[in-house]
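Structure, as structure tokens:
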Amino acid sequence: MTWQFLADQFATQFGLWWVIWPGILLGIVVGILPGFSPQNTLIMLLPLTLAVPVEQAFAFMIALYCANHLAGGVPAILVRIPGSGGAAATTLDGYPMARKGQAQQAIVLSFTASVFGGLITTLATLALLPWLSQLGLYLRSVEMVVVMLFGLTLIAVVAAKDALKGLIAGFFGLMIGAIGTDHIYDTPRATFGFLELYDGVPLVAALIGLFAISEALVMIEEKLIVTEDARERAMRSTWADTWEGIALTGRKWWHITWTAFVGLFIGIVPGAGASIAAFVAYQQSRMWSKTPELYGTGIPEGVIAPESANNGVTSGTLVPMMALGVPGGSTAAVMMIVLQYHGMVMGPRLFTTNPELAYGVFVSMAVAYIFMIFTILPLARYMARIVLIETTYLVPVIILVTAVAAFVERQYLFDMGLALIFGIIGYIAHKTNYHVTAMLIGIILGPLFEQYLVRALRISQGDATILFSSPLGNVLWGLLALSLVLPFWRTWRQKKALAAAQFGDER
Amino acid sequence: MEKENSSAGADLLIPALALAFVVYFFVSTAELAWEAKANAIVVGTVLVLLTIAQVVRIVLRVARRQADLGMTVLWEPRDVAWKRVGMVAVTAVFIAALPWLGLTLSLWLGMFAALWVMGLRRTRILVILPLATAGSCYALFIAVLDAGFPRGPLEALLGSLLRLGGA
């Protein structure tokens, strides 16, 4: 790969602006609406993407995919409803920022962190592609079981604050995720007699119920989402707030960079995806912070980490697809279908037989991110006004429209009813501080966790000690134990320091 | 640690649901091959242990008179409790009516009822907001995406009018 080759690729992709713009706009709409996933949208648009030349089809799909990851943070910040699972961690600090009257700054931060995080990791992928493609090979089923448990535990411990309640919510989610037919014999399990649950719990219905409906039921208690002071502040918001968000991005450039790389590395692991990446980045950001106690109260770092990481995932997900022929996620799988239809064979040979396409995919991604920043930044000021709408109007729209969206994924009325049931469970969880995010991540990871666990156990013919047989896996087990113990140790130390200070005062 | 509720009975609801589900899962998969229940045994066992720890924690708090077994936290503030129940009821009726009335009409009526439950009495908004929501959903889901939503009398009428216009 020479500089001339790269320059030609960039020129070609910039020439496809007329395909990239519609992809970005559609991706933003799809990302903001819970219930619309990029893979479903791409499936619906298959007749279009199969009909046009492969370069144009891919530029469109990549733009839609990246814009979708970026826009999922908007409803997460404004109304605490993530547009996708990858934006669930953004609610932790994004929503408190909006409640403080800093919705505009939070949205700008989310956009810039997403764009720069995505751009940095895309350029890094271009440079390091041959080495990165080997990373996924080191993680087998045993390591994947620990990675999943690690992700879930981090979420439970970090997001829920009350670790026991967080773990109960997370493992309850994992258990719900096991509903449906098993992976080996296809026998239905715990489906309550419903045929609609044979394929497992629909993720969109769970997402809408646990976040949108439950949040709206809590929202009823207040006249506005924001406090009166924050409302005054939001009413006076100007373009200066957008600039403030941009300036914050400049000051936090290193934070954006390293959390984006967390997303890239997790994205390379097939199946791990944006949800885990965002939470691991959030947890790491909190762990290395000098003020970890401020996380969850509405601080910029708490928005940057998950947003940068979930866009870092976008290039990572494509690495195993391009280099090994293994799609890193469901959206990548749809893209692979389009490529195969056009006669492209994925795998290491792609880089020698068709370098224009292999590297062009990542160049296309970089160009899409460049276009995106100019498209979406001016919109932040107007989007932020949503927090000024009274809950009298907002609650009915959220509940009924998201219930409608629950139908879209599988087109079953059953899913709308299921979303309502999840809404009630989510409401109880909200009120009693069992973190719904941990529950949702458990549901997302459930089927994948079972797949890897059963695969590992079948290899060992049912011997559970196989889970402790790999050096890398054992290191991960150690880190998992550490992540469980560390918060308790930190709290104990803080209490001890406080007691010592009080004792000193009394003397 | 987050501030604990004084009515700790509500804190037992999620563990109780989780426990009931684990028991149902174990019972319904008892006859299946080990591969079909290995995951549930691993996850379910951890969940049962966590639930026991939570129950012990709550029992200790109740024994120390730091909490009671009430569930008031779920109903507070009381003045909006009926609105919450009303919204759940409206959503349930909306979903049940969808196959007969179709998306557009049931959404219009559902929005109208939901806004009424929320305390809105301004006639103009009560008509316009549901109309705009139902109209947007019709345009997006039926006219553009042709999603498989149930069609009712209004969709049939609009469909024939559009066909007539097209002809």
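Residue numbers start at 1 in each chain; chains themselves are named A, B, ... in the order of the structure tokens; ligands are numbered from 1 in the order shown.
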Exercise for the section: Give me, as a VMD selection string, the contact residues of chain A against chain B at a cut-off of 8 Å, counting only C-alpha atoms. Expected result: chain A and resid 161 to 162 164 to 165 167 to 169 171 to 172 174 to 175 178 182 to 185 187 189 to 190 217 220 to 221 392 to 393 396 to 397 399 to 400 407 to 408 411 413 416 to 417 420 425 428 to 429 431 to 434 450 453 to 454 458
Exercise for the section: Determine which residues of segment 279-457 of chain A receive a DSSP assignment of helix (DSSP H, G or I), computed from the backbone, and state them as a PyMOL selection string. Expected result: chain A and resi 279-287+292-294+300-324+330-341+350-353+355-388+391-408+413-431+436-457
For the selection just defined, write its residues with C-alpha atoms to a file, as a compact mmCIF listing (two decimals), in the first residue's frame.
# COMPACT_ATOMS: atom_id res chain seq x y z
CA PHE A 279 -19.08 -0.14 28.93
CA VAL A 280 -15.50 -1.36 29.10
CA ALA A 281 -14.33 2.08 27.90
CA TYR A 282 -16.58 3.79 30.47
CA GLN A 283 -15.25 1.56 33.24
CA GLN A 284 -11.62 2.08 32.20
CA SER A 285 -12.18 5.82 31.96
CA ARG A 286 -13.60 5.83 35.49
CA MET A 287 -10.88 3.58 36.84
CA PRO A 292 -14.10 8.56 39.77
CA GLU A 293 -16.81 9.63 42.21
CA LEU A 294 -18.02 12.25 39.69
CA PRO A 300 -17.89 15.13 29.80
CA GLU A 301 -15.54 12.12 30.20
CA GLY A 302 -18.58 9.94 30.89
CA VAL A 303 -20.02 10.86 27.49
CA ILE A 304 -16.74 10.77 25.58
CA ALA A 305 -15.65 7.27 26.66
CA PRO A 306 -18.71 5.25 25.50
CA GLU A 307 -19.33 7.32 22.37
CA SER A 308 -15.72 7.22 21.22
CA ALA A 309 -15.53 3.47 21.92
CA ASN A 310 -18.78 2.54 20.18
CA ASN A 311 -17.56 4.27 17.05
CA GLY A 312 -14.12 2.74 17.45
CA VAL A 313 -15.96 -0.56 17.10
CA THR A 314 -17.14 0.29 13.56
CA SER A 315 -13.75 -0.29 11.94
CA GLY A 316 -12.88 -3.15 14.31
CA THR A 317 -16.01 -5.11 13.36
CA LEU A 318 -14.99 -5.08 9.70
CA VAL A 319 -11.46 -6.39 10.35
CA PRO A 320 -12.36 -10.08 10.88
CA MET A 321 -14.81 -9.89 7.97
CA MET A 322 -12.27 -8.53 5.51
CA ALA A 323 -9.23 -10.45 6.77
CA LEU A 324 -10.72 -13.78 7.90
CA SER A 330 -24.87 -8.74 12.36
CA THR A 331 -24.43 -5.57 10.27
CA ALA A 332 -21.09 -6.87 8.98
CA ALA A 333 -22.88 -10.12 8.08
CA VAL A 334 -25.37 -8.23 5.89
CA MET A 335 -22.49 -6.35 4.24
CA MET A 336 -20.75 -9.65 3.59
CA ILE A 337 -23.86 -10.99 1.83
CA VAL A 338 -23.77 -7.98 -0.52
CA LEU A 339 -20.04 -8.47 -1.19
CA GLN A 340 -20.48 -12.18 -1.86
CA TYR A 341 -23.38 -11.44 -4.21
CA LEU A 350 -8.79 -10.11 -0.74
CA PHE A 351 -5.90 -7.75 0.03
CA THR A 352 -3.90 -9.03 -2.93
CA THR A 353 -6.72 -9.83 -5.39
CA PRO A 355 -6.85 -4.14 -2.69
CA GLU A 356 -9.06 -1.28 -3.97
CA LEU A 357 -12.04 -2.80 -2.20
CA ALA A 358 -10.22 -4.20 0.85
CA TYR A 359 -8.58 -0.89 1.77
CA GLY A 360 -11.31 1.18 0.09
CA VAL A 361 -13.78 0.05 2.76
CA PHE A 362 -11.77 1.73 5.49
CA VAL A 363 -11.03 4.80 3.35
CA SER A 364 -14.78 5.03 2.71
CA MET A 365 -15.34 4.91 6.47
CA ALA A 366 -12.85 7.73 7.05
CA VAL A 367 -14.54 9.86 4.37
CA ALA A 368 -17.98 9.15 5.86
CA TYR A 369 -16.77 10.38 9.26
CA ILE A 370 -15.39 13.57 7.70
CA PHE A 371 -18.73 14.28 5.99
CA MET A 372 -20.63 13.42 9.16
CA ILE A 373 -19.11 16.08 11.38
CA PHE A 374 -20.25 18.86 9.01
CA THR A 375 -23.73 17.35 8.66
CA ILE A 376 -24.59 16.80 12.27
CA LEU A 377 -22.85 19.45 14.37
CA PRO A 378 -25.16 22.29 13.32
CA LEU A 379 -28.16 20.16 14.35
CA ALA A 380 -27.06 19.81 18.00
CA ARG A 381 -28.56 23.13 19.07
CA TYR A 382 -32.01 22.24 17.75
CA MET A 383 -31.95 18.64 18.99
CA ALA A 384 -31.19 19.85 22.52
CA ARG A 385 -34.55 21.68 22.62
CA ILE A 386 -36.34 18.35 23.12
CA VAL A 387 -35.61 18.56 26.86
CA LEU A 388 -37.82 21.66 27.01
CA THR A 391 -43.65 15.43 29.93
CA THR A 392 -47.44 15.71 29.39
CA TYR A 393 -46.69 15.57 25.65
CA LEU A 394 -43.45 13.61 25.74
CA VAL A 395 -44.63 10.58 27.73
CA PRO A 396 -47.54 9.54 25.42
CA VAL A 397 -45.36 9.99 22.32
CA ILE A 398 -42.47 7.96 23.81
CA ILE A 399 -44.65 5.10 25.05
CA LEU A 400 -46.91 4.68 22.02
CA VAL A 401 -44.41 5.40 19.24
CA THR A 402 -41.72 3.14 20.74
CA ALA A 403 -44.36 0.42 21.24
CA VAL A 404 -45.03 0.74 17.49
CA ALA A 405 -41.27 0.54 16.84
CA ALA A 406 -41.14 -2.75 18.79
CA PHE A 407 -43.24 -4.28 16.02
CA VAL A 408 -40.86 -3.33 13.22
CA LEU A 413 -47.82 -7.88 17.69
CA PHE A 414 -46.49 -10.15 20.44
CA ASP A 415 -43.31 -8.04 20.57
CA MET A 416 -45.32 -4.92 21.41
CA GLY A 417 -46.91 -6.71 24.36
CA LEU A 418 -43.51 -8.02 25.40
CA ALA A 419 -42.10 -4.47 25.30
CA LEU A 420 -44.89 -3.39 27.68
CA ILE A 421 -44.05 -6.25 30.07
CA PHE A 422 -40.36 -5.33 29.95
CA GLY A 423 -41.47 -1.73 30.56
CA ILE A 424 -43.16 -2.74 33.82
CA ILE A 425 -40.15 -4.85 34.90
CA GLY A 426 -37.88 -1.93 33.99
CA TYR A 427 -40.04 0.46 36.02
CA ILE A 428 -39.75 -1.75 39.12
CA ALA A 429 -36.00 -2.03 38.49
CA HIS A 430 -35.68 1.77 38.14
CA LYS A 431 -37.57 2.41 41.36
CA VAL A 436 -31.78 -1.86 33.72
CA THR A 437 -28.63 -1.42 31.66
CA ALA A 438 -27.02 -4.45 33.28
CA MET A 439 -30.21 -6.40 32.60
CA LEU A 440 -30.26 -5.37 28.93
CA ILE A 441 -26.60 -6.22 28.39
CA GLY A 442 -27.28 -9.61 30.00
CA ILE A 443 -30.12 -10.20 27.51
CA ILE A 444 -27.88 -9.16 24.59
CA LEU A 445 -24.99 -11.36 25.72
CA GLY A 446 -27.15 -14.32 26.81
CA PRO A 447 -27.33 -16.27 23.51
CA LEU A 448 -23.68 -15.61 22.67
CA PHE A 449 -22.51 -16.55 26.17
CA GLU A 450 -24.40 -19.84 25.96
CA GLN A 451 -22.99 -20.58 22.52
CA TYR A 452 -19.37 -20.19 23.70
CA LEU A 453 -19.96 -21.94 27.04
CA VAL A 454 -21.57 -25.01 25.45
CA ARG A 455 -18.88 -25.11 22.75
CA ALA A 456 -16.13 -25.11 25.41
CA LEU A 457 -17.92 -27.75 27.48
Handout entry: All residues 8 Å or closer to Glu143 of chain A, only C-alpha atoms, same chain fewer than 2 positions away omitted, as a list of chain:residue names
Key = A:Leu139, A:Arg140, A:Ser141, A:Val145, A:Val146, A:Val147, A:Leu467, A:Ser470, A:Leu472, A:Gly473, A:Leu476
Practice task
Would you work out the distance separating atom CA of Thr122 of chain A from atom CA of Val29 of chain A, expressed in Å to one decimal?
Solution key: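 The value is 23.0 Å.
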Handout entry: Among listed residues A:Gly478, A:Gly245, A:Gly72, A:Gly166, nearest Leu154 of chain A (using only C-alpha atoms)
Key = A:Gly166
Problem - Interatomic distance (Å, one decimal) between atom CA of Phe468 of chain A and atom CA of Leu149 of chain A - result: 13.6 Å
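Residues in contact range of Gly152 of chain B, defined as at most 7 Å between only C-alpha atoms, with sequence neighbours fewer than 3 positions away removed, read B:Trp100, B:Leu101, B:Gly102, B:Glu155, B:Ala156.
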